[in-house]
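Colleague: Encoded as structure tokens, here's the structure I'll be asking about.
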Amino acid sequence: MTYLLDTHVLLWLIGDPGQLDEEQRGHLADRRNVLLVSAVSALEVATKVRLGELVAPGLVDAWSRRIADIGAEELPITGTHALLAGSMSWQHRDPFDRLLVAQGIVESATLVTRDSAMRQLPAPRLWMV
């Protein structure tokens, strides 16, 4: 199975794994599954750190290593992702979420999230944690 981590799920895996139950953590740690972390999450984290909305000492500087530490792969944003994100009729306006959804659709990945707004999605598969 291929999973695309919503930014908050990524932050929990890295710094507060207790936000996920033991079964969820075990499933995400299973190396038979592919974990993807979007470049949009890097943008969201760096933006929120810069604005003082997120306290995550050292995360921006150690981004790639921290992603590798949880066994995830970085997923770049492509033109296909961006065009789909911009053209979806979904009313949700958050550009980070729109890109994550588009990437989930294009990459046939299950989006792992706790964001209830994602339930209104036009597509991808969701795993609500």
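Identifiers for the structure tokens are assigned positionally: chains receive A, B, ... in sequence, residues are indexed from 1 per chain, and ligands are indexed from 1 in the order shown.
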Quick one: residues within 9 Å of A:Ser41, only C-alpha atoms, excluding same-chain residues fewer than 2 positions away - as a PDB file with N, CA and C atoms, in the first residue's frame?

Modeller:
```
ATOM      1  N   LEU A   5       1.299  11.067   3.558  1.00  0.00           N
ATOM      2  CA  LEU A   5       1.054  11.600   4.885  1.00  0.00           C
ATOM      3  C   LEU A   5       0.631  13.069   4.836  1.00  0.00           C
ATOM      4  N   ASP A   6      -0.506  13.368   5.449  1.00  0.00           N
ATOM      5  CA  ASP A   6      -0.872  14.770   5.640  1.00  0.00           C
ATOM      6  C   ASP A   6       0.173  15.358   6.585  1.00  0.00           C
ATOM      7  N   THR A   7       0.384  16.650   6.522  1.00  0.00           N
ATOM      8  CA  THR A   7       1.461  17.287   7.280  1.00  0.00           C
ATOM      9  C   THR A   7       1.353  17.026   8.778  1.00  0.00           C
ATOM     10  N   HIS A   8       0.161  17.097   9.327  1.00  0.00           N
ATOM     11  CA  HIS A   8       0.027  16.872  10.773  1.00  0.00           C
ATOM     12  C   HIS A   8       0.372  15.434  11.156  1.00  0.00           C
ATOM     13  N   LEU A  10       2.575  13.545   9.595  1.00  0.00           N
ATOM     14  CA  LEU A  10       4.034  13.535   9.537  1.00  0.00           C
ATOM     15  C   LEU A  10       4.627  14.098  10.830  1.00  0.00           C
ATOM     16  N   VAL A  37       5.995  11.668   1.598  1.00  0.00           N
ATOM     17  CA  VAL A  37       5.871  12.984   2.214  1.00  0.00           C
ATOM     18  C   VAL A  37       6.019  13.998   1.094  1.00  0.00           C
ATOM     19  N   SER A  38       4.998  14.794   0.917  1.00  0.00           N
ATOM     20  CA  SER A  38       4.974  15.760  -0.170  1.00  0.00           C
ATOM     21  C   SER A  38       5.879  16.957   0.083  1.00  0.00           C
ATOM     22  N   ALA A  39       6.398  17.488  -0.999  1.00  0.00           N
ATOM     23  CA  ALA A  39       7.137  18.749  -0.926  1.00  0.00           C
ATOM     24  C   ALA A  39       6.235  19.860  -0.410  1.00  0.00           C
ATOM     25  N   LEU A  43       6.954  22.897   2.437  1.00  0.00           N
ATOM     26  CA  LEU A  43       6.575  24.301   2.311  1.00  0.00           C
ATOM     27  C   LEU A  43       5.693  24.733   3.479  1.00  0.00           C
ATOM     28  N   GLU A  44       4.735  23.897   3.834  1.00  0.00           N
ATOM     29  CA  GLU A  44       3.829  24.233   4.938  1.00  0.00           C
ATOM     30  C   GLU A  44       4.584  24.344   6.265  1.00  0.00           C
ATOM     31  N   VAL A  45       5.463  23.384   6.530  1.00  0.00           N
ATOM     32  CA  VAL A  45       6.233  23.400   7.776  1.00  0.00           C
ATOM     33  C   VAL A  45       7.143  24.624   7.825  1.00  0.00           C
ATOM     34  N   ALA A  46       7.899  24.863   6.759  1.00  0.00           N
ATOM     35  CA  ALA A  46       8.819  26.004   6.748  1.00  0.00           C
ATOM     36  C   ALA A  46       8.066  27.320   6.905  1.00  0.00           C
ATOM     37  N   PHE A  96      -2.337  24.022   0.458  1.00  0.00           N
ATOM     38  CA  PHE A  96      -1.570  22.848   0.902  1.00  0.00           C
ATOM     39  C   PHE A  96      -2.433  21.597   0.785  1.00  0.00           C
ATOM     40  N   LEU A 100      -2.071  18.236  -1.661  1.00  0.00           N
ATOM     41  CA  LEU A 100      -1.994  16.880  -1.107  1.00  0.00           C
ATOM     42  C   LEU A 100      -3.051  15.972  -1.725  1.00  0.00           C
TER      43      LEU A 100
END
```

Colleague: Excluding stretch 70-84 of chain A and residues on its chain fewer than 5 positions from it, collect all residues at most 7 Å away from it, counting only C-alpha atoms, and give them as a ChimeraX atom specification.

Modeller: /A:34-39,99,102-103,106

Colleague: Run DSSP on the backbone and tell me which residues of chain A come out as alpha helix (DSSP H); list them as number ranges by chain.

Modeller: A: 7-15, 22-29, 39-50, 63-69, 79-87, 95-106

Colleague: So that I have them on file, write out the residues from the current selection with C-alpha atoms, as a CSV table (one decimal), in the first residue's frame.

Modeller:
```csv
chain,number,residue,atom,x,y,z
A,7,THR,CA,1.5,17.3,7.3
A,8,HIS,CA,0.0,16.9,10.8
A,9,VAL,CA,0.4,13.1,10.6
A,10,LEU,CA,4.0,13.5,9.5
A,11,LEU,CA,4.6,15.9,12.5
A,12,TRP,CA,3.1,13.3,14.8
A,13,LEU,CA,5.3,10.5,13.5
A,14,ILE,CA,8.4,12.6,13.9
A,15,GLY,CA,7.7,14.3,17.3
A,22,GLU,CA,-0.2,1.5,18.4
A,23,GLU,CA,-1.9,-0.2,15.4
A,24,GLN,CA,-1.7,2.9,13.2
A,25,ARG,CA,2.0,3.4,14.1
A,26,GLY,CA,2.8,-0.2,13.4
A,27,HIS,CA,1.0,-0.1,10.1
A,28,LEU,CA,2.9,3.0,9.0
A,29,ALA,CA,6.2,1.6,10.2
A,39,ALA,CA,7.1,18.7,-0.9
A,40,VAL,CA,4.0,20.7,-0.1
A,41,SER,CA,4.4,19.6,3.5
A,42,ALA,CA,8.0,21.0,3.5
A,43,LEU,CA,6.6,24.3,2.3
A,44,GLU,CA,3.8,24.2,4.9
A,45,VAL,CA,6.2,23.4,7.8
A,46,ALA,CA,8.8,26.0,6.7
A,47,THR,CA,6.1,28.6,6.4
A,48,LYS,CA,4.5,27.9,9.8
A,49,VAL,CA,8.0,27.8,11.5
A,50,ARG,CA,8.8,31.2,9.9
A,63,TRP,CA,14.1,17.8,6.8
A,64,SER,CA,15.4,15.1,4.5
A,65,ARG,CA,17.0,13.1,7.3
A,66,ARG,CA,13.9,13.2,9.5
A,67,ILE,CA,11.8,12.0,6.5
A,68,ALA,CA,14.3,9.1,6.0
A,69,ASP,CA,14.3,8.3,9.7
A,79,GLY,CA,2.9,20.3,-13.0
A,80,THR,CA,0.3,17.5,-13.2
A,81,HIS,CA,-0.2,17.7,-9.4
A,82,ALA,CA,-0.5,21.6,-9.5
A,83,LEU,CA,-2.9,21.7,-12.5
A,84,LEU,CA,-5.2,19.1,-10.9
A,85,ALA,CA,-5.1,21.0,-7.5
A,86,GLY,CA,-6.0,24.2,-9.2
A,87,SER,CA,-8.8,22.8,-11.3
A,95,PRO,CA,-3.6,25.3,-1.2
A,96,PHE,CA,-1.6,22.8,0.9
A,97,ASP,CA,-4.6,20.5,1.2
A,98,ARG,CA,-5.5,20.9,-2.4
A,99,LEU,CA,-2.0,19.9,-3.5
A,100,LEU,CA,-2.0,16.9,-1.1
A,101,VAL,CA,-5.3,15.7,-2.5
A,102,ALA,CA,-4.2,16.1,-6.1
A,103,GLN,CA,-1.0,14.2,-5.3
A,104,GLY,CA,-3.0,11.4,-3.7
A,105,ILE,CA,-5.1,11.1,-6.8
A,106,VAL,CA,-2.3,11.2,-9.3
```
